[in-house]
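Structure file start31.cif (mmCIF, C-alpha atoms) follows.
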data_final
#
loop_
_atom_site.group_PDB
_atom_site.id
_atom_site.type_symbol
_atom_site.label_atom_id
_atom_site.label_comp_id
_atom_site.auth_asym_id
_atom_site.auth_seq_id
_atom_site.Cartn_x
_atom_site.Cartn_y
_atom_site.Cartn_z
ATOM 1 C CA MET A 4 0.000 0.000 0.000
ATOM 2 C CA ARG A 5 1.301 3.487 -0.844
ATOM 3 C CA ARG A 6 2.626 5.601 2.022
ATOM 4 C CA GLY A 7 0.129 8.439 1.440
ATOM 5 C CA ASN A 8 -2.908 6.178 1.571
ATOM 6 C CA GLN A 9 -1.399 4.157 4.409
ATOM 7 C CA THR A 10 -1.034 7.145 6.705
ATOM 8 C CA SER A 11 -4.433 8.690 5.939
ATOM 9 C CA ILE A 12 -7.048 5.898 5.866
ATOM 10 C CA PHE A 13 -5.222 2.708 6.807
ATOM 11 C CA GLU A 14 -6.344 0.850 9.931
ATOM 12 C CA PHE A 15 -5.221 -2.229 11.825
ATOM 13 C CA LEU A 16 -7.423 -4.720 13.639
ATOM 14 C CA LEU A 17 -6.290 -5.729 17.122
ATOM 15 C CA TRP A 18 -6.704 -9.403 18.010
ATOM 16 C CA GLY A 19 -7.691 -8.367 21.534
ATOM 17 C CA LEU A 20 -7.619 -10.257 24.809
ATOM 18 C CA SER A 21 -10.124 -12.944 23.863
ATOM 19 C CA GLU A 22 -12.307 -13.944 20.930
ATOM 20 C CA GLN A 23 -15.055 -15.353 23.183
ATOM 21 C CA PRO A 24 -18.045 -12.921 23.259
ATOM 22 C CA GLN A 25 -19.192 -14.139 26.693
ATOM 23 C CA GLN A 26 -15.828 -13.173 28.196
ATOM 24 C CA GLN A 27 -15.834 -9.552 27.033
ATOM 25 C CA HIS A 28 -17.831 -8.103 29.987
ATOM 26 C CA ILE A 29 -15.688 -9.979 32.509
ATOM 27 C CA LEU A 30 -12.477 -8.837 30.823
ATOM 28 C CA PHE A 31 -13.700 -5.239 30.696
ATOM 29 C CA LEU A 32 -14.497 -5.142 34.422
ATOM 30 C CA LEU A 33 -11.304 -6.990 35.336
ATOM 31 C CA PHE A 34 -8.983 -4.729 33.337
ATOM 32 C CA LEU A 35 -10.855 -1.599 34.373
ATOM 33 C CA CYS A 36 -10.413 -2.502 38.060
ATOM 34 C CA MET A 37 -6.749 -3.413 37.528
ATOM 35 C CA TYR A 38 -6.098 -0.146 35.713
ATOM 36 C CA LEU A 39 -7.806 1.990 38.364
ATOM 37 C CA VAL A 40 -5.932 0.215 41.181
ATOM 38 C CA THR A 41 -2.644 0.617 39.286
ATOM 39 C CA VAL A 42 -3.120 4.352 38.790
ATOM 40 C CA ALA A 43 -4.393 4.947 42.334
ATOM 41 C CA GLY A 44 -1.689 2.827 43.954
ATOM 42 C CA ASN A 45 1.184 4.419 42.073
ATOM 43 C CA LEU A 46 -0.235 7.918 42.629
ATOM 44 C CA LEU A 47 -0.354 7.195 46.359
ATOM 45 C CA ILE A 48 3.295 6.105 46.262
ATOM 46 C CA VAL A 49 4.278 9.367 44.545
ATOM 47 C CA LEU A 50 2.159 11.463 46.915
ATOM 48 C CA ALA A 51 3.618 9.707 49.966
ATOM 49 C CA ILE A 52 7.182 10.350 48.798
ATOM 50 C CA VAL A 53 6.524 13.990 47.901
ATOM 51 C CA THR A 54 4.775 14.848 51.179
ATOM 52 C CA ASP A 55 7.043 12.995 53.629
ATOM 53 C CA VAL A 56 10.440 14.627 54.221
ATOM 54 C CA ARG A 57 11.818 11.351 55.596
ATOM 55 C CA LEU A 58 11.336 9.801 52.164
ATOM 56 C CA HIS A 59 13.349 12.471 50.342
ATOM 57 C CA THR A 60 16.243 10.102 49.667
ATOM 58 C CA PRO A 61 17.694 8.719 46.404
ATOM 59 C CA MET A 62 15.976 5.333 46.824
ATOM 60 C CA TYR A 63 12.513 6.900 47.059
ATOM 61 C CA PHE A 64 13.323 9.421 44.323
ATOM 62 C CA PHE A 65 13.864 6.507 41.939
ATOM 63 C CA LEU A 66 10.774 4.742 43.297
ATOM 64 C CA ALA A 67 8.657 7.826 42.613
ATOM 65 C CA SER A 68 10.067 7.946 39.077
ATOM 66 C CA LEU A 69 9.219 4.257 38.617
ATOM 67 C CA SER A 70 5.650 4.821 39.858
ATOM 68 C CA CYS A 71 5.141 7.746 37.449
ATOM 69 C CA ASP A 72 6.504 5.648 34.602
ATOM 70 C CA ASP A 73 4.246 2.708 35.510
ATOM 71 C CA ILE A 74 1.179 4.959 35.297
ATOM 72 C CA LEU A 75 2.219 6.177 31.844
ATOM 73 C CA PHE A 76 3.238 2.673 30.736
ATOM 74 C CA THR A 77 -0.114 1.150 31.646
ATOM 75 C CA SER A 78 -2.036 4.126 30.221
ATOM 76 C CA THR A 79 -0.437 3.520 26.830
ATOM 77 C CA THR A 80 -2.190 0.196 26.279
ATOM 78 C CA VAL A 81 -5.028 -0.497 28.743
ATOM 79 C CA PRO A 82 -7.404 2.453 27.984
ATOM 80 C CA LYS A 83 -7.402 1.615 24.265
ATOM 81 C CA ALA A 84 -8.052 -2.058 25.056
ATOM 82 C CA LEU A 85 -10.947 -1.050 27.325
ATOM 83 C CA VAL A 86 -12.442 1.185 24.617
ATOM 84 C CA ASN A 87 -12.189 -1.643 22.072
ATOM 85 C CA ILE A 88 -13.912 -4.093 24.426
ATOM 86 C CA HIS A 89 -16.661 -1.615 25.342
ATOM 87 C CA THR A 90 -17.405 -0.526 21.770
ATOM 88 C CA GLN A 91 -16.821 -4.027 20.358
ATOM 89 C CA SER A 92 -14.479 -2.448 17.827
ATOM 90 C CA ARG A 93 -10.937 -3.700 17.235
ATOM 91 C CA THR A 94 -9.702 -0.988 14.901
ATOM 92 C CA ILE A 95 -6.730 1.287 15.496
ATOM 93 C CA SER A 96 -5.497 3.811 12.936
ATOM 94 C CA TYR A 97 -2.058 3.577 11.383
ATOM 95 C CA ALA A 98 -0.933 6.829 13.035
ATOM 96 C CA GLY A 99 -2.479 5.775 16.343
ATOM 97 C CA CYS A 100 -0.676 2.447 16.174
ATOM 98 C CA LEU A 101 2.706 4.104 15.579
ATOM 99 C CA ALA A 102 2.070 6.587 18.401
ATOM 100 C CA GLN A 103 1.109 3.774 20.771
ATOM 101 C CA LEU A 104 4.214 1.815 19.745
ATOM 102 C CA TYR A 105 6.494 4.798 20.386
ATOM 103 C CA PHE A 106 5.117 5.550 23.866
ATOM 104 C CA PHE A 107 4.940 1.860 24.764
ATOM 105 C CA LEU A 108 8.632 1.406 23.931
ATOM 106 C CA THR A 109 9.596 4.636 25.691
ATOM 107 C CA PHE A 110 7.860 3.859 28.982
ATOM 108 C CA GLY A 111 8.607 0.125 28.836
ATOM 109 C CA ASP A 112 12.346 0.667 28.340
ATOM 110 C CA MET A 113 12.234 3.335 31.045
ATOM 111 C CA ASP A 114 11.020 0.676 33.469
ATOM 112 C CA ILE A 115 14.047 -1.457 32.579
ATOM 113 C CA PHE A 116 16.558 1.379 33.006
ATOM 114 C CA LEU A 117 14.986 2.565 36.266
ATOM 115 C CA LEU A 118 15.158 -0.934 37.759
ATOM 116 C CA ALA A 119 18.869 -1.043 36.861
ATOM 117 C CA THR A 120 19.388 2.420 38.376
ATOM 118 C CA MET A 121 17.634 1.333 41.569
ATOM 119 C CA ALA A 122 19.926 -1.707 41.783
ATOM 120 C CA TYR A 123 22.950 0.603 41.463
ATOM 121 C CA ASP A 124 21.509 2.788 44.225
ATOM 122 C CA ARG A 125 21.172 -0.236 46.550
ATOM 123 C CA PHE A 126 24.731 -1.315 45.660
ATOM 124 C CA VAL A 127 26.148 2.080 46.646
ATOM 125 C CA ALA A 128 24.020 2.223 49.823
ATOM 126 C CA ILE A 129 25.136 -1.194 51.081
ATOM 127 C CA CYS A 130 28.673 -1.497 49.716
ATOM 128 C CA HIS A 131 29.730 2.162 50.144
ATOM 129 C CA PRO A 132 27.515 3.515 52.959
ATOM 130 C CA LEU A 133 29.948 6.213 54.115
ATOM 131 C CA HIS A 134 30.068 7.798 50.658
ATOM 132 C CA TYR A 135 26.418 7.139 49.756
ATOM 133 C CA MET A 136 25.035 10.674 50.057
ATOM 134 C CA MET A 137 28.047 12.114 48.236
ATOM 135 C CA ILE A 138 27.836 9.613 45.354
ATOM 136 C CA MET A 139 24.036 9.616 45.068
ATOM 137 C CA SER A 140 23.531 13.370 45.288
ATOM 138 C CA PHE A 141 20.298 14.910 44.033
ATOM 139 C CA ARG A 142 22.160 16.260 41.013
ATOM 140 C CA ARG A 143 23.500 12.808 40.089
ATOM 141 C CA CYS A 144 20.128 11.148 40.660
ATOM 142 C CA SER A 145 18.450 13.710 38.400
ATOM 143 C CA PHE A 146 21.141 13.151 35.777
ATOM 144 C CA LEU A 147 20.609 9.371 35.891
ATOM 145 C CA VAL A 148 16.840 9.699 35.406
ATOM 146 C CA ALA A 149 17.302 12.256 32.599
ATOM 147 C CA ALA A 150 19.837 9.973 30.885
ATOM 148 C CA CYS A 151 17.364 7.095 31.111
ATOM 149 C CA TRP A 152 14.659 9.216 29.439
ATOM 150 C CA MET A 153 17.030 10.239 26.641
ATOM 151 C CA LEU A 154 18.122 6.656 25.960
ATOM 152 C CA THR A 155 14.587 5.291 25.962
ATOM 153 C CA ASN A 156 13.383 7.999 23.574
ATOM 154 C CA LEU A 157 16.277 7.294 21.215
ATOM 155 C CA VAL A 158 15.568 3.563 21.181
ATOM 156 C CA ALA A 159 11.828 4.159 20.679
ATOM 157 C CA VAL A 160 12.450 6.563 17.777
ATOM 158 C CA ILE A 161 14.709 4.036 16.009
ATOM 159 C CA HIS A 162 12.227 1.162 16.308
ATOM 160 C CA THR A 163 9.212 3.322 15.396
ATOM 161 C CA PHE A 164 10.971 4.737 12.326
ATOM 162 C CA LEU A 165 11.891 1.245 11.105
ATOM 163 C CA ILE A 166 8.257 0.135 11.512
ATOM 164 C CA PHE A 167 7.173 3.296 9.633
ATOM 165 C CA CYS A 168 9.363 2.211 6.720
ATOM 166 C CA LEU A 169 7.506 -1.107 6.361
ATOM 167 C CA SER A 170 4.517 -1.681 4.092
ATOM 168 C CA PHE A 171 1.307 -3.291 5.350
ATOM 169 C CA CYS A 172 -1.622 -4.857 3.548
ATOM 170 C CA SER A 173 -5.115 -3.574 4.324
ATOM 171 C CA LYS A 174 -7.158 -4.893 7.253
ATOM 172 C CA LYS A 175 -4.319 -6.847 8.820
ATOM 173 C CA VAL A 176 -5.011 -8.321 12.260
ATOM 174 C CA ILE A 177 -2.350 -7.600 14.894
ATOM 175 C CA PRO A 178 -2.028 -10.742 17.080
ATOM 176 C CA ASP A 179 -2.053 -8.767 20.341
ATOM 177 C CA PHE A 180 -4.215 -6.244 22.226
ATOM 178 C CA PHE A 181 -1.834 -3.349 21.440
ATOM 179 C CA CYS A 182 0.745 -2.368 18.820
ATOM 180 C CA ASP A 183 4.118 -3.970 19.511
ATOM 181 C CA LEU A 184 7.216 -4.667 17.449
ATOM 182 C CA GLY A 185 6.909 -8.433 17.060
ATOM 183 C CA PRO A 186 3.233 -8.558 16.031
ATOM 184 C CA LEU A 187 3.686 -5.651 13.593
ATOM 185 C CA MET A 188 6.661 -7.307 11.913
ATOM 186 C CA LYS A 189 4.660 -10.544 11.555
ATOM 187 C CA ILE A 190 1.918 -8.845 9.506
ATOM 188 C CA ALA A 191 4.195 -6.636 7.361
ATOM 189 C CA CYS A 192 4.042 -7.204 3.595
ATOM 190 C CA SER A 193 7.626 -6.003 3.012
ATOM 191 C CA GLU A 194 11.029 -7.318 4.052
ATOM 192 C CA THR A 195 11.572 -7.163 7.845
ATOM 193 C CA ARG A 196 15.145 -8.477 8.118
ATOM 194 C CA ILE A 197 16.582 -5.107 9.175
ATOM 195 C CA ASN A 198 13.856 -4.693 11.790
ATOM 196 C CA GLU A 199 14.535 -8.183 13.126
ATOM 197 C CA LEU A 200 18.287 -7.560 13.364
ATOM 198 C CA VAL A 201 17.787 -4.217 15.118
ATOM 199 C CA LEU A 202 15.290 -5.824 17.516
ATOM 200 C CA LEU A 203 17.714 -8.659 18.220
ATOM 201 C CA PHE A 204 20.805 -6.536 18.859
ATOM 202 C CA LEU A 205 19.410 -3.196 20.089
ATOM 203 C CA GLY A 206 16.413 -4.695 21.883
ATOM 204 C CA GLY A 207 18.571 -7.464 23.316
ATOM 205 C CA ALA A 208 21.074 -4.897 24.583
ATOM 206 C CA VAL A 209 18.319 -2.774 26.156
ATOM 207 C CA ILE A 210 17.038 -5.816 28.056
ATOM 208 C CA LEU A 211 20.167 -7.856 28.798
ATOM 209 C CA ILE A 212 22.700 -5.139 29.690
ATOM 210 C CA PRO A 213 20.534 -3.646 32.496
ATOM 211 C CA PHE A 214 19.656 -7.189 33.606
ATOM 212 C CA LEU A 215 23.345 -8.135 33.833
ATOM 213 C CA LEU A 216 24.109 -4.898 35.694
ATOM 214 C CA ILE A 217 21.369 -5.775 38.184
ATOM 215 C CA LEU A 218 22.796 -9.276 38.622
ATOM 216 C CA VAL A 219 26.333 -7.954 39.175
ATOM 217 C CA SER A 220 25.044 -5.340 41.637
ATOM 218 C CA TYR A 221 23.199 -7.933 43.688
ATOM 219 C CA ILE A 222 26.086 -10.384 43.656
ATOM 220 C CA ARG A 223 28.223 -7.618 45.170
ATOM 221 C CA ILE A 224 25.406 -6.696 47.565
ATOM 222 C CA VAL A 225 24.923 -10.278 48.791
ATOM 223 C CA SER A 226 28.666 -10.746 49.322
ATOM 224 C CA ALA A 227 28.758 -7.492 51.326
ATOM 225 C CA ILE A 228 25.705 -8.459 53.402
ATOM 226 C CA LEU A 229 27.156 -11.850 54.282
ATOM 227 C CA ARG A 230 30.154 -10.084 55.809
ATOM 228 C CA VAL A 231 27.913 -8.136 58.209
ATOM 229 C CA PRO A 232 28.566 -9.594 61.695
ATOM 230 C CA SER A 233 25.077 -9.201 63.206
ATOM 231 C CA ALA A 234 22.051 -11.219 62.084
ATOM 232 C CA GLN A 235 19.788 -8.186 62.575
ATOM 233 C CA GLY A 236 21.987 -6.105 60.263
ATOM 234 C CA ARG A 237 21.850 -8.800 57.607
ATOM 235 C CA ARG A 238 18.041 -9.021 57.832
ATOM 236 C CA LYS A 239 17.682 -5.249 57.543
ATOM 237 C CA ALA A 240 19.973 -5.132 54.496
ATOM 238 C CA PHE A 241 18.147 -7.995 52.791
ATOM 239 C CA SER A 242 14.746 -6.414 53.516
ATOM 240 C CA THR A 243 15.706 -3.223 51.653
ATOM 241 C CA CYS A 244 16.563 -5.273 48.553
ATOM 242 C CA GLY A 245 13.828 -7.917 48.669
ATOM 243 C CA SER A 246 11.097 -5.727 47.178
ATOM 244 C CA HIS A 247 13.296 -4.625 44.297
ATOM 245 C CA LEU A 248 14.367 -8.202 43.547
ATOM 246 C CA ALA A 249 10.734 -9.355 43.436
ATOM 247 C CA VAL A 250 9.844 -6.657 40.886
ATOM 248 C CA VAL A 251 12.969 -7.414 38.811
ATOM 249 C CA ALA A 252 12.196 -11.142 38.689
ATOM 250 C CA LEU A 253 8.555 -10.594 37.686
ATOM 251 C CA PHE A 254 9.215 -7.903 35.086
ATOM 252 C CA PHE A 255 12.351 -9.281 33.418
ATOM 253 C CA GLY A 256 11.031 -12.849 33.397
ATOM 254 C CA THR A 257 8.028 -11.911 31.275
ATOM 255 C CA VAL A 258 9.915 -9.370 29.104
ATOM 256 C CA ILE A 259 12.652 -11.873 28.218
ATOM 257 C CA ARG A 260 9.958 -14.448 27.406
ATOM 258 C CA ALA A 261 8.150 -11.964 25.153
ATOM 259 C CA TYR A 262 11.105 -10.478 23.238
ATOM 260 C CA LEU A 263 14.038 -12.884 23.347
ATOM 261 C CA CYS A 264 12.257 -16.249 23.100
ATOM 262 C CA PRO A 265 10.923 -16.877 19.577
ATOM 263 C CA SER A 266 7.303 -17.956 19.214
ATOM 264 C CA SER A 267 5.376 -19.524 16.361
ATOM 265 C CA SER A 268 2.273 -18.204 14.635
ATOM 266 C CA SER A 269 -0.068 -20.837 16.083
ATOM 267 C CA SER A 270 -3.106 -19.857 18.128
ATOM 268 C CA ASN A 271 -1.569 -21.302 21.304
ATOM 269 C CA ALA A 272 1.577 -19.205 20.799
ATOM 270 C CA VAL A 273 -0.550 -16.068 20.329
ATOM 271 C CA VAL A 274 -2.377 -16.777 23.595
ATOM 272 C CA GLU A 275 0.934 -17.310 25.410
ATOM 273 C CA ASP A 276 2.391 -14.089 23.983
ATOM 274 C CA THR A 277 -0.730 -12.166 25.009
ATOM 275 C CA ALA A 278 -0.535 -13.607 28.529
ATOM 276 C CA ALA A 279 3.134 -12.589 28.805
ATOM 277 C CA ALA A 280 2.261 -9.094 27.533
ATOM 278 C CA VAL A 281 -0.494 -8.761 30.147
ATOM 279 C CA MET A 282 1.990 -9.745 32.858
ATOM 280 C CA TYR A 283 4.539 -7.005 32.145
ATOM 281 C CA THR A 284 2.147 -4.300 30.916
ATOM 282 C CA VAL A 285 -0.654 -4.668 33.479
ATOM 283 C CA VAL A 286 0.171 -7.053 36.332
ATOM 284 C CA THR A 287 3.671 -5.784 37.184
ATOM 285 C CA PRO A 288 2.657 -2.082 37.429
ATOM 286 C CA LEU A 289 -0.348 -3.221 39.492
ATOM 287 C CA LEU A 290 1.784 -5.168 41.978
ATOM 288 C CA ASN A 291 4.621 -2.634 42.319
ATOM 289 C CA PRO A 292 2.842 -0.380 44.885
ATOM 290 C CA PHE A 293 1.935 -3.393 47.037
ATOM 291 C CA ILE A 294 5.411 -4.942 46.824
ATOM 292 C CA TYR A 295 7.207 -1.725 47.726
ATOM 293 C CA SER A 296 4.798 -0.580 50.437
ATOM 294 C CA LEU A 297 3.981 -3.796 52.306
ATOM 295 C CA ARG A 298 7.659 -4.572 52.983
ATOM 296 C CA ASN A 299 8.640 -1.009 53.897
ATOM 297 C CA LYS A 300 7.768 0.497 57.286
ATOM 298 C CA ASP A 301 8.568 4.088 56.244
ATOM 299 C CA MET A 302 6.373 3.798 53.148
ATOM 300 C CA LYS A 303 3.525 2.203 55.099
ATOM 301 C CA GLY A 304 3.700 5.000 57.665
ATOM 302 C CA ALA A 305 3.615 7.684 54.968
ATOM 303 C CA LEU A 306 0.639 6.012 53.256
ATOM 304 C CA VAL A 307 -1.260 5.751 56.553
ATOM 305 C CA ARG A 308 -0.711 9.479 57.187
ATOM 306 C CA ILE A 309 -2.050 10.295 53.711
ATOM 307 C CA LEU A 310 -5.138 8.135 54.181
ATOM 308 C CA ARG A 311 -5.778 9.842 57.535
ATOM 309 C CA GLY A 312 -5.516 13.242 55.885
ATOM 310 C CA LYS A 313 -2.293 14.233 57.635
ATOM 311 C CA VAL A 314 -0.573 15.558 54.516
ATOM 312 C CA SER A 315 1.940 18.442 54.485
ATOM 313 C CA PHE A 316 3.779 19.587 51.373
#
Can you turn what I pasted into structure tokens?
Amino acid sequence: MRRGNQTSIFEFLLWGLSEQPQQQHILFLLFLCMYLVTVAGNLLIVLAIVTDVRLHTPMYFFLASLSCDDILFTSTTVPKALVNIHTQSRTISYAGCLAQLYFFLTFGDMDIFLLATMAYDRFVAICHPLHYMMIMSFRRCSFLVAACWMLTNLVAVIHTFLIFCLSFCSKKVIPDFFCDLGPLMKIACSETRINELVLLFLGGAVILIPFLLILVSYIRIVSAILRVPSAQGRRKAFSTCGSHLAVVALFFGTVIRAYLCPSSSSSNAVVEDTAAAVMYTVVTPLLNPFIYSLRNKDMKGALVRILRGKVSF
């Protein structure tokens, strides 16, 4: 299809979450509740950190950034899926699909980089406690978050531009409930070898390098904790890292399954890919506020004060 026609009137059809008509109302209510809880929970985390002076530390600065990113990440895909279920329409415009792809990649990669930055913060706090505040100054923390945003935008622009260069046949069904790289490359009518190579090397680097940095950080952290003489000190050090490790395991496990493990075009593979996508786009942002707050006394105290109306900016 010509580029002019493709950008003006071309539409995709999203496969959606299920093809069973009797499941649509249940899925709508389920995803609506999950989305509202995700937004409310992450907003509470941000509000608690902003209003409590005791939480104005590098660790909570990165946590607030992660919560903001999770809200944006989930809002990129779930509202459109809810609209499609409610209106019983699966269409998404070509321009809308590219826009959704760009923001999905930006906020998704930001999650990855922020988790790696948080692991570095825990490494400095536990392995170099005397120099922690000097190393993790507000200026350096702001620089790290800004650098993460710049890198994620660059990666998203590259992938989105390469998808823009592809040609698509009319009324193609995207085997997912949102626009993503793999499903779009599967339905392209033109050669996708360059896209596949860029996804393999650039996408692999975006996922694996932060993951390896997290692993190295925690290997150093565990070795430092084991040298702590008191059992209480070891428990306290492990408790500060346990929440982050749980989020890393959940998020990276599903992302690696979705992007680095090849899948076939069978219906079972499509269902598995959709389930993995739901895990890292919906479930992980939903669980993050609970994981970080339930295991953290300072965060629980700040949240209780907010719910009681004792808020001071």
For a test of reading the model, state the distance in Å between atom CA of Tyr221 of chain A and atom CA of Leu46 of chain A, rounded to one decimal. 28.3 Å
Counting all atoms listed in the file, which of A:Ile197, A:Cys192, A:Met62, A:Met37 gets nearest to Phe126 of chain A?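 Nearest to Phe126 of chain A: A:Met62.
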If we count only C-alpha atoms, what is near Ser296 of chain A at a cut-off of 12 Å, once residues fewer than 2 positions away on the same chain are taken out, given as JSON, numbers by chain? {"A": [44, 45, 47, 48, 49, 51, 52, 63, 66, 70, 242, 243, 245, 246, 247, 290, 291, 292, 293, 294, 298, 299, 300, 301, 302, 303, 304, 305, 306, 307]}
The PyMOL selection byres ((chain A and resi 213) around 10) on the file shown: which residues, as a PyMOL selection string? chain A and resi 115-120+122+208-212+214-219+255
I'd like a table as CSV: residues in segment 40-85 of chain A with an atom no more than 10 Å from segment 132-147 of chain A, each row giving the shortest atom pair and its distance in Å to one decimal, only C-alpha atoms counted, sorted by chain and rising residue number.
residue,atom,partner,partner_atom,distance
A:His59,CA,A:Phe141,CA,9.7
A:Thr60,CA,A:Phe141,CA,8.4
A:Pro61,CA,A:Met139,CA,6.5
A:Met62,CA,A:Met139,CA,9.3
A:Phe64,CA,A:Cys144,CA,7.9
A:Phe65,CA,A:Cys144,CA,7.9
Residues matched by the PyMOL selection byres ((chain A and resi 78) around 10) as a PyMOL selection string: chain A and resi 38+41-42+72-77+79-83+103+106-107+110+284-285
Taking 3 positions as the minimum chain separation for residues in the same chain, which residues sit within 12 Å of Asn156 of chain A when counting all atoms listed in the file? Answer as a ChimeraX atom specification. /A:104-113,116,149-153,159-164
On this file, the PyMOL selection byres ((chain A and resi 93) around 10) gives some set of residues; write that set as number ranges by chain. A: 14-19, 83-84, 86-88, 90-92, 94-95, 176-177, 180
Atom-to-atom span, atom CA of Ile222 of chain A and atom CA of Leu202 of chain A, Å: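 Spanning atom CA of Ile222 of chain A to atom CA of Leu202 of chain A is a straight-line distance of 28.6 Å.
You can rank A:Leu85, A:Met282, A:Leu263, A:Ala102 by their closest distance to Ile29 of chain A using only C-alpha atoms, and at the top of that list sits A:Leu85.
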Please return as a count of residues only every residue within 8 Å of (-5.9, 6.9, 13.5), taking into account all atoms listed in the file and the file's own coordinates. 10
Atom CA of Thr287 of chain A and atom CA of Arg238 of chain A are how many Å apart?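 Atom CA of Arg238 of chain A lies 25.4 Å from atom CA of Thr287 of chain A.
The closest residue to Leu20 of chain A, picked from A:Cys172, A:Leu33, A:Leu205, A:Ala234 and counting all atoms listed in the file, is A:Leu33.
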Shortest interatomic distance to Ile166 of chain A - which of A:Leu101, A:Asp179, A:Arg223, A:Arg260, counting all atoms listed in the file: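 Of A:Leu101, A:Asp179, A:Arg223, A:Arg260, the one nearest Ile166 of chain A is A:Leu101, counting all atoms listed in the file.
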